[in-house]
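Undergrad: Here it is, the structure in full.
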Number of protein chains: 2
Amino acid sequence: MSKKTIQIVKKIMSANDQIAEENQEFLNSKNILTINVMASPGSGKTSLILRTIENISSQSKIAVIEGDTAPVTIDSDKISNLNIPVIQINTGGECHLDALMVRTGLEQLDLSNINLLIIENVGNLICPAAFRLGEHFSIVIASIPEGDDKPYKYPNIYRGIQSLILNKTDLLPYVDFNIDYFKQGIEALNPGVAFFPLSCKTGEGFDKWADWLKTRIQEMK
Amino acid sequence: MSKKTIQIVKKIMSANDQIAEENQEFLNSKNILTINVMASPGSGKTSLILRTIENISSQSKIAVIEGDTAPVTIDSDKISNLNIPVIQINTGGECHLDALMVRTGLEQLDLSNINLLIIENVGNLICPAAFRLGEHFSIVIASIPEGDDKPYKYPNIYRGIQSLILNKTDLLPYVDFNIDYFKQGIEALNPGVAFFPLSCKTGEGFDKWADWLKTRIQEMK
């Protein structure tokens with residue numbers, strides 16, 4: 001009996017990765033820079049998005065996909081109040097967005113003339129790391145009161161991201177947080193990642209993040 | 001042809017619930033009060049456990065099961081340094097502990113004369129809500145810098161718990177946090193839940209939580 005060997009020449013894509021790639025092709029065809037914002041609950045995802053809108057909406061048109069585990073509209077209302085097109089996706093208890101959910105969101109958003117799509121993922125430092133959505137850049141927001149040991153405890157989320165924001169620097173005088181220790185943890189996982197310590201409350205350090213984002217939007221055009 | 005009707009008289013237990021029940025029977029047989037501590041990353045689970053050990057270890061013998069998504073021993077080392085028996089369970093990226101993991105932990109811990117077992121779940125406000133471990137009481141730790149809207153955004157974790165801690169009250173002067181709004185959200189999900197605003201850093205409010213726990217330990221005897 002002859003023995004057949006089948007050589008696997010290409011990694012078979014997961015269904016999620018396949019749809020994520022299609023999402024990115026669609027976004028490329030419209031020149032829409034897309035970022036996937038991931039973080040722990042309460043680290044300031046919505047605050048960052050609101051301040052980013054304030055900072056760059058005079059020069060770039062923005063849309064938002066808002067992921068939530070519950071059907072509350074607290075965050076999407078805040079964004080909608082700024083006259084920004086927003087679609088809320090209720091994951092029904094799931095701990096992350098996936099590419100299919102984002103595709104559904106893309107179908108429902110009016111994307112004419114949009115330059116920047118911000119996807120606010122579900123508040124979670126674990127699950128979102130495993131699901132590409134079609135984004136061009138993945139961002140993690142850490143925050144001072146969460147503690148300086150998070151890169152050591154939740155390493156997966158920091159790998160493969162292109163930008164790391166450290167929010168709530170205004171609380172540094174009141175919290176024990178060793179920035180060098182935090183950065184060492186990050187460097188071990190993701191050397192050279194763009195790093196932006198800032199405060200969404202006071203605005204300190206925000207311009208550097210906004211400049212990074214503006215440059216990425218320019219590069220898409 | 002006759003038609004048979006099978007009446008379901010009892011909900012068939014999930015494998016996890018079955019093992020959780022066995023864990024609880026085992027813990028009951030040894031009179032070990034067991035609490036499952038759930039929270040977002042950085043809300044202060046380990047700080048609470050360390051201060052609880054300090055506060056009650058003169059009168060009760062304590063053991064700890066420490067759940068982590070990565071093989072780092074930062075938290076378990078801190079506990080072990082206090083001469084408390086501790087087992088670390090690395091979930092290998094999973095976003096919650098389950099009853100089988102806890103059973104494995106129970107098999108490895110020396111539980112002679114233990115009165116209180118503290119299970120520190122993985123830092124996550126979503127996944128741990130769905131998995132009973134065999135605990136007698138479930139606890140959530142929220143914290144001031146996470147924001148007052150968390151009960152509205154992550155409702156499932158607050159349902160069915162017996163005690164809610166609101167940590168980092170020392171940061172109240174520096175953060176916008178409306179305690180009434182937070183409590184309204186909790187009351188809608190879990191009326192009458194035991195509520196302990198406190199600071200693990202300064203100790204403010206800690207005694208009330210410790211008293212609640214001491215009473216529960218007494219009731220087990």
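Labeling convention for the structure tokens: chains A, B, ... as they appear, residues from 1 per chain, ligands from 1 in order of appearance.
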Within 8 Å of region 46-63 of chain B, counting only C-alpha atoms, which residues show up once you throw out same-chain ones fewer than 2 positions away? Write them as a ChimeraX atom specification, please.
TA: /B:44,65,75,78-79,84-86,109,111,113-118,120,200,210,214
Undergrad: Write to file, as a short mmCIF file (atom, residue, chain, number, x, y, z; two decimals), in the first residue's frame, the residues of the selection just made, with all heavy atoms.
TA:
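Okay, this is what ended up in selection.cif:
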```
data_model
loop_
_atom_site.label_atom_id
_atom_site.label_comp_id
_atom_site.auth_asym_id
_atom_site.auth_seq_id
_atom_site.Cartn_x
_atom_site.Cartn_y
_atom_site.Cartn_z
N GLY B 44 -6.85 45.55 43.14
CA GLY B 44 -6.32 45.36 44.49
C GLY B 44 -6.65 44.01 45.12
O GLY B 44 -6.74 43.92 46.35
N ILE B 65 -5.37 30.01 47.09
CA ILE B 65 -5.17 29.54 45.71
C ILE B 65 -5.16 30.77 44.83
O ILE B 65 -6.07 31.60 44.87
CB ILE B 65 -6.30 28.57 45.27
CG1 ILE B 65 -6.19 27.25 46.04
CG2 ILE B 65 -6.23 28.31 43.76
CD1 ILE B 65 -7.29 26.24 45.73
N ASP B 75 2.50 37.61 42.70
CA ASP B 75 1.50 37.62 43.78
C ASP B 75 1.71 36.48 44.77
O ASP B 75 1.65 36.68 45.98
CB ASP B 75 0.09 37.53 43.18
CG ASP B 75 -0.29 38.79 42.42
OD1 ASP B 75 0.37 39.82 42.61
OD2 ASP B 75 -1.25 38.72 41.63
N LYS B 78 4.44 37.11 47.27
CA LYS B 78 4.08 38.03 48.35
C LYS B 78 3.32 37.29 49.45
O LYS B 78 3.51 37.56 50.64
CB LYS B 78 3.19 39.16 47.80
CG LYS B 78 3.92 40.18 46.94
CD LYS B 78 2.95 41.26 46.44
CE LYS B 78 3.60 42.15 45.40
NZ LYS B 78 2.61 42.93 44.64
N ILE B 79 2.45 36.37 49.05
CA ILE B 79 1.65 35.63 50.03
C ILE B 79 2.51 34.61 50.76
O ILE B 79 2.46 34.49 51.98
CB ILE B 79 0.45 34.97 49.31
CG1 ILE B 79 -0.49 36.07 48.81
CG2 ILE B 79 -0.28 34.00 50.23
CD1 ILE B 79 -1.46 35.63 47.74
N ILE B 84 2.15 31.73 54.51
CA ILE B 84 0.80 31.24 54.25
C ILE B 84 0.90 30.19 53.14
O ILE B 84 1.55 30.44 52.12
CB ILE B 84 -0.10 32.41 53.79
CG1 ILE B 84 -0.26 33.45 54.89
CG2 ILE B 84 -1.44 31.92 53.27
CD1 ILE B 84 -1.06 33.01 56.08
N PRO B 85 0.30 29.00 53.31
CA PRO B 85 0.34 28.03 52.22
C PRO B 85 -0.38 28.57 50.99
O PRO B 85 -1.52 29.04 51.09
CB PRO B 85 -0.39 26.79 52.78
CG PRO B 85 -0.88 27.15 54.13
CD PRO B 85 -0.41 28.52 54.49
N VAL B 86 0.31 28.52 49.86
CA VAL B 86 -0.28 29.08 48.64
C VAL B 86 0.04 28.17 47.46
O VAL B 86 1.14 27.62 47.35
CB VAL B 86 0.21 30.52 48.39
CG1 VAL B 86 1.72 30.61 48.36
CG2 VAL B 86 -0.37 31.12 47.10
N LEU B 109 -2.62 21.41 48.23
CA LEU B 109 -2.43 22.27 49.41
C LEU B 109 -2.47 21.44 50.68
O LEU B 109 -3.25 20.50 50.79
CB LEU B 109 -3.57 23.29 49.48
CG LEU B 109 -3.36 24.66 48.86
CD1 LEU B 109 -4.67 25.45 48.94
CD2 LEU B 109 -2.23 25.44 49.52
N LEU B 111 -4.03 21.33 53.91
CA LEU B 111 -5.19 22.04 54.47
C LEU B 111 -5.44 21.71 55.94
O LEU B 111 -6.50 22.07 56.49
CB LEU B 111 -6.44 21.70 53.63
CG LEU B 111 -6.43 22.25 52.19
CD1 LEU B 111 -7.55 21.63 51.37
CD2 LEU B 111 -6.54 23.77 52.19
N ASN B 113 -5.92 22.02 59.61
CA ASN B 113 -6.26 23.13 60.52
C ASN B 113 -6.60 24.45 59.81
O ASN B 113 -6.69 25.48 60.47
CB ASN B 113 -5.12 23.39 61.52
CG ASN B 113 -4.75 22.15 62.29
OD1 ASN B 113 -5.64 21.42 62.75
ND2 ASN B 113 -3.46 21.86 62.37
N ILE B 114 -6.74 24.42 58.50
CA ILE B 114 -7.10 25.67 57.79
C ILE B 114 -8.57 26.02 58.07
O ILE B 114 -9.44 25.16 58.05
CB ILE B 114 -6.86 25.51 56.26
CG1 ILE B 114 -5.36 25.32 55.96
CG2 ILE B 114 -7.44 26.68 55.47
CD1 ILE B 114 -4.48 26.52 56.23
N ASN B 115 -8.81 27.32 58.36
CA ASN B 115 -10.19 27.79 58.57
C ASN B 115 -10.73 28.58 57.39
O ASN B 115 -11.94 28.72 57.22
CB ASN B 115 -10.26 28.74 59.78
CG ASN B 115 -9.57 28.19 61.00
OD1 ASN B 115 -8.54 28.71 61.43
ND2 ASN B 115 -10.12 27.13 61.55
N LEU B 116 -9.81 29.19 56.64
CA LEU B 116 -10.23 30.08 55.55
C LEU B 116 -9.38 29.82 54.32
O LEU B 116 -8.14 29.86 54.39
CB LEU B 116 -10.05 31.55 55.98
CG LEU B 116 -10.25 32.61 54.88
CD1 LEU B 116 -11.69 32.64 54.39
CD2 LEU B 116 -9.85 34.01 55.39
N LEU B 117 -10.05 29.54 53.20
CA LEU B 117 -9.35 29.42 51.91
C LEU B 117 -9.77 30.60 51.04
O LEU B 117 -10.97 30.82 50.82
CB LEU B 117 -9.71 28.10 51.22
CG LEU B 117 -9.17 27.94 49.80
CD1 LEU B 117 -7.64 27.86 49.77
CD2 LEU B 117 -9.78 26.71 49.12
N ILE B 118 -8.78 31.36 50.60
CA ILE B 118 -9.06 32.49 49.71
C ILE B 118 -8.62 32.10 48.30
O ILE B 118 -7.48 31.72 48.08
CB ILE B 118 -8.29 33.76 50.14
CG1 ILE B 118 -8.60 34.11 51.61
CG2 ILE B 118 -8.65 34.92 49.22
CD1 ILE B 118 -7.83 35.32 52.12
N GLU B 120 -7.97 33.58 44.75
CA GLU B 120 -7.85 34.81 43.95
C GLU B 120 -8.03 34.43 42.49
O GLU B 120 -7.19 33.76 41.88
CB GLU B 120 -6.48 35.47 44.16
CG GLU B 120 -6.34 36.72 43.31
CD GLU B 120 -5.07 37.54 43.55
OE1 GLU B 120 -4.38 37.33 44.56
OE2 GLU B 120 -4.79 38.41 42.71
N CYS B 200 -7.13 49.61 50.99
CA CYS B 200 -6.10 48.65 51.43
C CYS B 200 -4.81 49.38 51.74
O CYS B 200 -3.96 48.87 52.47
CB CYS B 200 -5.85 47.60 50.35
SG CYS B 200 -7.18 46.40 50.21
N ALA B 210 -13.21 42.94 57.54
CA ALA B 210 -12.58 41.87 58.32
C ALA B 210 -13.59 41.27 59.30
O ALA B 210 -13.65 40.05 59.49
CB ALA B 210 -11.34 42.39 59.05
N LYS B 214 -14.74 37.45 59.54
CA LYS B 214 -14.56 36.69 60.79
C LYS B 214 -15.88 36.03 61.21
O LYS B 214 -15.89 34.89 61.68
CB LYS B 214 -14.08 37.62 61.91
CG LYS B 214 -12.61 38.01 61.77
CD LYS B 214 -12.24 39.08 62.81
CE LYS B 214 -10.90 39.72 62.50
NZ LYS B 214 -10.65 40.95 63.27
#
```
Undergrad: Show me, as a list in words, the residues of chain B whose atoms get within 7 Å of chain A, using only C-alpha atoms for the distance check.
TA: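 Here they are: Ser40, Pro41, Gly42, Ser43, Thr69, Ala70, Val72, Cys95, Asn124, Ile126, Cys127, Pro145, Glu146, Gly147, Tyr152, Lys153 and Tyr154 of chain B.
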Undergrad: Counting only C-alpha atoms, which of A:Gln184, A:Asn121, A:Ser163, A:Thr169 gets nearest to Ser138 (chain A)?
TA: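 Among the listed residues, the smallest separation from Ser138 (chain A) belongs to A:Ser163.
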Undergrad: Between CA of Ser29 (chain B) and CA of Leu164 (chain B), what is the distance, to one decimal in Å?
TA: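 These two atoms are separated by 27.0 Å.
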Undergrad: Do a neighbour search on Leu198 (chain A) at 8 Å with only C-alpha atoms, toss out local chain neighbours closer than 3 positions, and write the hits as an MDAnalysis selection string.
TA: chainID A and resid 165:169 203:206
Undergrad: Could the residues in this selection be saved with C-alpha atoms as a PDB file, in the first residue's frame?
TA:
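In the end it all went to again-v8.pdb:
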```
ATOM      1  CA  ILE A 165      -0.721  54.436  26.206  1.00  0.00           C
ATOM      2  CA  LEU A 166      -0.146  54.844  29.932  1.00  0.00           C
ATOM      3  CA  ASN A 167      -3.119  56.896  31.106  1.00  0.00           C
ATOM      4  CA  LYS A 168      -3.898  58.749  34.355  1.00  0.00           C
ATOM      5  CA  THR A 169      -0.390  60.127  34.890  1.00  0.00           C
ATOM      6  CA  GLY A 203      -4.229  66.688  28.747  1.00  0.00           C
ATOM      7  CA  GLU A 204      -0.576  66.263  29.805  1.00  0.00           C
ATOM      8  CA  GLY A 205       1.327  64.276  27.155  1.00  0.00           C
ATOM      9  CA  PHE A 206      -1.729  63.959  24.915  1.00  0.00           C
TER      10      PHE A 206
END
```
Undergrad: Please run DSSP on the backbone and report, as an mmCIF file with N, CA and C atoms, in the first residue's frame, all residues within region 63-135 of chain A that come out as strand (DSSP E or B).
TA:
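selection.cif written:
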```cif
data_model
loop_
_atom_site.group_PDB
_atom_site.id
_atom_site.type_symbol
_atom_site.label_atom_id
_atom_site.label_comp_id
_atom_site.auth_asym_id
_atom_site.auth_seq_id
_atom_site.Cartn_x
_atom_site.Cartn_y
_atom_site.Cartn_z
ATOM 1 N N ALA A 63 -15.115 57.813 12.767
ATOM 2 C CA ALA A 63 -16.259 56.976 13.151
ATOM 3 C C ALA A 63 -15.806 56.012 14.234
ATOM 4 N N VAL A 64 -16.762 55.504 15.014
ATOM 5 C CA VAL A 64 -16.419 54.648 16.151
ATOM 6 C C VAL A 64 -17.295 53.397 16.160
ATOM 7 N N ILE A 65 -16.655 52.249 16.408
ATOM 8 C CA ILE A 65 -17.384 51.023 16.751
ATOM 9 C C ILE A 65 -17.093 50.733 18.209
ATOM 10 N N GLU A 66 -18.161 50.582 18.963
ATOM 11 C CA GLU A 66 -18.102 50.543 20.413
ATOM 12 C C GLU A 66 -18.523 49.148 20.880
ATOM 13 N N GLY A 67 -17.587 48.399 21.451
ATOM 14 C CA GLY A 67 -17.918 47.055 21.931
ATOM 15 C C GLY A 67 -18.277 47.044 23.406
ATOM 16 N N ASP A 68 -19.381 46.418 23.742
ATOM 17 C CA ASP A 68 -19.809 46.318 25.138
ATOM 18 C C ASP A 68 -20.349 44.933 25.410
ATOM 19 N N VAL A 86 -21.460 56.451 15.292
ATOM 20 C CA VAL A 86 -21.039 55.381 16.207
ATOM 21 C C VAL A 86 -22.029 54.219 16.125
ATOM 22 N N ILE A 87 -21.484 53.020 16.122
ATOM 23 C CA ILE A 87 -22.297 51.799 16.196
ATOM 24 C C ILE A 87 -21.878 51.060 17.453
ATOM 25 N N GLN A 88 -22.866 50.714 18.266
ATOM 26 C CA GLN A 88 -22.543 49.919 19.450
ATOM 27 C C GLN A 88 -22.790 48.446 19.155
ATOM 28 N N ILE A 89 -21.809 47.627 19.484
ATOM 29 C CA ILE A 89 -21.976 46.177 19.353
ATOM 30 C C ILE A 89 -22.044 45.577 20.744
ATOM 31 N N ASN A 90 -23.175 44.964 21.046
ATOM 32 C CA ASN A 90 -23.342 44.272 22.323
ATOM 33 C C ASN A 90 -22.949 42.811 22.115
ATOM 34 N N LEU A 116 -10.672 57.945 9.832
ATOM 35 C CA LEU A 116 -10.206 57.182 10.996
ATOM 36 C C LEU A 116 -11.377 56.435 11.613
ATOM 37 N N LEU A 117 -11.213 55.126 11.758
ATOM 38 C CA LEU A 117 -12.204 54.320 12.487
ATOM 39 C C LEU A 117 -11.555 53.837 13.780
ATOM 40 N N ILE A 118 -12.202 54.170 14.891
ATOM 41 C CA ILE A 118 -11.709 53.718 16.183
ATOM 42 C C ILE A 118 -12.626 52.591 16.674
ATOM 43 N N ILE A 119 -12.036 51.440 16.959
ATOM 44 C CA ILE A 119 -12.812 50.329 17.520
ATOM 45 C C ILE A 119 -12.479 50.227 18.999
ATOM 46 N N GLU A 120 -13.468 50.466 19.840
ATOM 47 C CA GLU A 120 -13.261 50.307 21.285
ATOM 48 C C GLU A 120 -13.652 48.888 21.652
#
```
Undergrad: Could you list, as a tab-separated table (two decimals) with all heavy atoms, in the first residue's frame, every residue within 12 Å of Glu107 (chain A), counting only C-alpha atoms and ignoring same-chain residues fewer than 3 positions away?
TA:
```tsv
chain	number	residue	atom	x	y	z
A	23	ASN	N	-12.08	42.44	6.23
A	23	ASN	CA	-12.38	43.76	6.80
A	23	ASN	C	-11.28	44.75	6.45
A	23	ASN	O	-11.54	45.89	6.07
A	23	ASN	CB	-12.48	43.68	8.34
A	23	ASN	CG	-13.76	43.00	8.83
A	23	ASN	OD1	-14.69	42.78	8.04
A	23	ASN	ND2	-13.80	42.67	10.10
A	26	PHE	N	-11.41	45.87	2.85
A	26	PHE	CA	-12.50	46.83	2.69
A	26	PHE	C	-12.08	48.22	3.20
A	26	PHE	O	-12.29	49.24	2.53
A	26	PHE	CB	-13.74	46.31	3.45
A	26	PHE	CG	-14.85	47.30	3.56
A	26	PHE	CD1	-15.71	47.52	2.48
A	26	PHE	CD2	-15.07	48.02	4.73
A	26	PHE	CE1	-16.75	48.45	2.58
A	26	PHE	CE2	-16.10	48.94	4.84
A	26	PHE	CZ	-16.94	49.16	3.75
A	27	LEU	N	-11.44	48.24	4.37
A	27	LEU	CA	-11.02	49.53	4.96
A	27	LEU	C	-9.91	50.18	4.12
A	27	LEU	O	-9.92	51.40	3.91
A	27	LEU	CB	-10.55	49.31	6.41
A	27	LEU	CG	-11.69	48.90	7.36
A	27	LEU	CD1	-11.15	48.20	8.61
A	27	LEU	CD2	-12.54	50.12	7.74
A	65	ILE	N	-16.65	52.25	16.41
A	65	ILE	CA	-17.38	51.02	16.75
A	65	ILE	C	-17.09	50.73	18.21
A	65	ILE	O	-15.94	50.68	18.63
A	65	ILE	CB	-16.95	49.83	15.87
A	65	ILE	CG1	-17.42	50.05	14.43
A	65	ILE	CG2	-17.54	48.52	16.42
A	65	ILE	CD1	-16.98	48.95	13.46
A	87	ILE	N	-21.48	53.02	16.12
A	87	ILE	CA	-22.30	51.80	16.20
A	87	ILE	C	-21.88	51.06	17.45
A	87	ILE	O	-20.68	50.85	17.67
A	87	ILE	CB	-22.04	50.87	14.98
A	87	ILE	CG1	-22.62	51.46	13.70
A	87	ILE	CG2	-22.58	49.46	15.22
A	87	ILE	CD1	-24.11	51.34	13.56
A	100	LEU	N	-16.21	39.15	12.79
A	100	LEU	CA	-17.57	39.11	12.24
A	100	LEU	C	-18.44	40.22	12.84
A	100	LEU	O	-19.21	40.87	12.14
A	100	LEU	CB	-18.19	37.73	12.52
A	100	LEU	CG	-19.49	37.42	11.79
A	100	LEU	CD1	-19.32	37.51	10.28
A	100	LEU	CD2	-19.99	36.02	12.19
A	101	MET	N	-18.29	40.44	14.13
A	101	MET	CA	-19.03	41.54	14.78
A	101	MET	C	-18.64	42.87	14.13
A	101	MET	O	-19.49	43.72	13.86
A	101	MET	CB	-18.71	41.60	16.27
A	101	MET	CG	-19.15	40.39	17.08
A	101	MET	SD	-18.61	40.59	18.82
A	101	MET	CE	-18.81	38.92	19.44
A	102	VAL	N	-17.34	43.03	13.89
A	102	VAL	CA	-16.86	44.29	13.30
A	102	VAL	C	-17.40	44.43	11.88
A	102	VAL	O	-17.81	45.51	11.46
A	102	VAL	CB	-15.32	44.37	13.36
A	102	VAL	CG1	-14.79	45.52	12.51
A	102	VAL	CG2	-14.88	44.54	14.81
A	103	ARG	N	-17.43	43.32	11.12
A	103	ARG	CA	-17.99	43.39	9.76
A	103	ARG	C	-19.44	43.87	9.79
A	103	ARG	O	-19.83	44.73	9.01
A	103	ARG	CB	-17.91	42.02	9.07
A	103	ARG	CG	-18.41	42.09	7.64
A	103	ARG	CD	-18.00	40.90	6.82
A	103	ARG	NE	-18.87	39.77	7.07
A	103	ARG	CZ	-18.70	38.56	6.52
A	103	ARG	NH1	-17.66	38.34	5.72
A	103	ARG	NH2	-19.52	37.58	6.77
A	104	THR	N	-20.21	43.33	10.75
A	104	THR	CA	-21.60	43.77	10.91
A	104	THR	C	-21.65	45.27	11.21
A	104	THR	O	-22.49	46.00	10.67
A	104	THR	CB	-22.27	42.97	12.05
A	104	THR	OG1	-22.04	41.60	11.82
A	104	THR	CG2	-23.75	43.25	12.13
A	110	ASP	N	-22.22	54.70	8.38
A	110	ASP	CA	-22.02	55.54	7.19
A	110	ASP	C	-20.54	55.94	7.17
A	110	ASP	O	-20.09	56.75	7.97
A	110	ASP	CB	-22.91	56.78	7.27
A	110	ASP	CG	-22.64	57.71	6.09
A	110	ASP	OD1	-21.90	57.32	5.16
A	110	ASP	OD2	-23.18	58.83	6.11
A	111	LEU	N	-19.79	55.38	6.22
A	111	LEU	CA	-18.33	55.58	6.22
A	111	LEU	C	-17.86	56.57	5.15
A	111	LEU	O	-16.66	56.68	4.90
A	111	LEU	CB	-17.63	54.22	6.02
A	111	LEU	CG	-17.77	53.23	7.20
A	111	LEU	CD1	-17.28	51.84	6.81
A	111	LEU	CD2	-17.02	53.73	8.43
```
Undergrad: Pick out the closest residue to Ser14 (chain A) from this set: A:Pro128, A:Ser76, A:Asn28, A:Asp98. Count only C-alpha atoms.
TA: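 Counting only C-alpha atoms, the residue closest to Ser14 (chain A) is A:Asp98.
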Undergrad: Would you please give, as a PDB file with N, CA and C atoms, in the first residue's frame, all residues of region 109-187 of chain A that DSSP assigns to alpha helix (DSSP H) based on the backbone?
TA:
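Resulting contents of out33.pdb:
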```pdb
ATOM      1  N   LYS A 150       1.471  44.975  35.513  1.00  0.00           N
ATOM      2  CA  LYS A 150       0.538  44.384  34.543  1.00  0.00           C
ATOM      3  C   LYS A 150       1.220  43.725  33.336  1.00  0.00           C
ATOM      4  N   PRO A 151       2.306  44.290  32.770  1.00  0.00           N
ATOM      5  CA  PRO A 151       2.947  43.596  31.640  1.00  0.00           C
ATOM      6  C   PRO A 151       3.453  42.203  32.027  1.00  0.00           C
ATOM      7  N   TYR A 152       3.819  42.029  33.290  1.00  0.00           N
ATOM      8  CA  TYR A 152       4.319  40.734  33.740  1.00  0.00           C
ATOM      9  C   TYR A 152       3.175  39.738  33.933  1.00  0.00           C
ATOM     10  N   LYS A 153       2.012  40.254  34.333  1.00  0.00           N
ATOM     11  CA  LYS A 153       0.890  39.376  34.663  1.00  0.00           C
ATOM     12  C   LYS A 153      -0.021  39.081  33.469  1.00  0.00           C
ATOM     13  N   PRO A 155       0.854  39.218  29.881  1.00  0.00           N
ATOM     14  CA  PRO A 155       1.798  39.516  28.793  1.00  0.00           C
ATOM     15  C   PRO A 155       1.191  39.485  27.386  1.00  0.00           C
ATOM     16  N   ASN A 156       0.240  38.594  27.149  1.00  0.00           N
ATOM     17  CA  ASN A 156      -0.216  38.405  25.758  1.00  0.00           C
ATOM     18  C   ASN A 156      -0.763  39.669  25.114  1.00  0.00           C
ATOM     19  N   ILE A 157      -1.459  40.470  25.911  1.00  0.00           N
ATOM     20  CA  ILE A 157      -2.121  41.650  25.337  1.00  0.00           C
ATOM     21  C   ILE A 157      -1.096  42.698  24.868  1.00  0.00           C
ATOM     22  N   TYR A 158       0.118  42.668  25.448  1.00  0.00           N
ATOM     23  CA  TYR A 158       1.132  43.673  25.090  1.00  0.00           C
ATOM     24  C   TYR A 158       1.982  43.267  23.895  1.00  0.00           C
ATOM     25  N   ILE A 179       7.656  53.578  36.920  1.00  0.00           N
ATOM     26  CA  ILE A 179       7.569  53.589  35.448  1.00  0.00           C
ATOM     27  C   ILE A 179       8.687  52.774  34.819  1.00  0.00           C
ATOM     28  N   ASP A 180       9.888  52.784  35.419  1.00  0.00           N
ATOM     29  CA  ASP A 180      10.993  52.003  34.846  1.00  0.00           C
ATOM     30  C   ASP A 180      10.679  50.501  34.856  1.00  0.00           C
ATOM     31  N   TYR A 181      10.109  50.043  35.977  1.00  0.00           N
ATOM     32  CA  TYR A 181       9.754  48.620  36.089  1.00  0.00           C
ATOM     33  C   TYR A 181       8.684  48.264  35.049  1.00  0.00           C
ATOM     34  N   PHE A 182       7.702  49.131  34.909  1.00  0.00           N
ATOM     35  CA  PHE A 182       6.648  48.926  33.899  1.00  0.00           C
ATOM     36  C   PHE A 182       7.263  48.843  32.503  1.00  0.00           C
ATOM     37  N   LYS A 183       8.140  49.797  32.181  1.00  0.00           N
ATOM     38  CA  LYS A 183       8.736  49.843  30.840  1.00  0.00           C
ATOM     39  C   LYS A 183       9.646  48.645  30.565  1.00  0.00           C
ATOM     40  N   GLN A 184      10.351  48.192  31.586  1.00  0.00           N
ATOM     41  CA  GLN A 184      11.178  46.985  31.414  1.00  0.00           C
ATOM     42  C   GLN A 184      10.316  45.793  31.019  1.00  0.00           C
ATOM     43  N   GLY A 185       9.154  45.675  31.679  1.00  0.00           N
ATOM     44  CA  GLY A 185       8.229  44.586  31.350  1.00  0.00           C
ATOM     45  C   GLY A 185       7.761  44.677  29.909  1.00  0.00           C
ATOM     46  N   ILE A 186       7.462  45.876  29.479  1.00  0.00           N
ATOM     47  CA  ILE A 186       7.005  46.092  28.100  1.00  0.00           C
ATOM     48  C   ILE A 186       8.116  45.796  27.102  1.00  0.00           C
ATOM     49  N   GLU A 187       9.307  46.296  27.399  1.00  0.00           N
ATOM     50  CA  GLU A 187      10.435  46.118  26.461  1.00  0.00           C
ATOM     51  C   GLU A 187      10.735  44.638  26.226  1.00  0.00           C
TER      52      GLU A 187
END
```
Undergrad: Could you tell me how far CA of Pro197 (chain A) sits from CA of Ala142 (chain B), in Å to one decimal place?
TA: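 Going from CA of Ala142 (chain B) over to CA of Pro197 (chain A) covers 24.1 Å.
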Undergrad: What does the structure give for the distance between CA of Leu133 (chain B) and CA of Val37 (chain B), in Å to one decimal?
TA: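 Computed distance, CA of Leu133 (chain B) to CA of Val37 (chain B), equals 10.9 Å.
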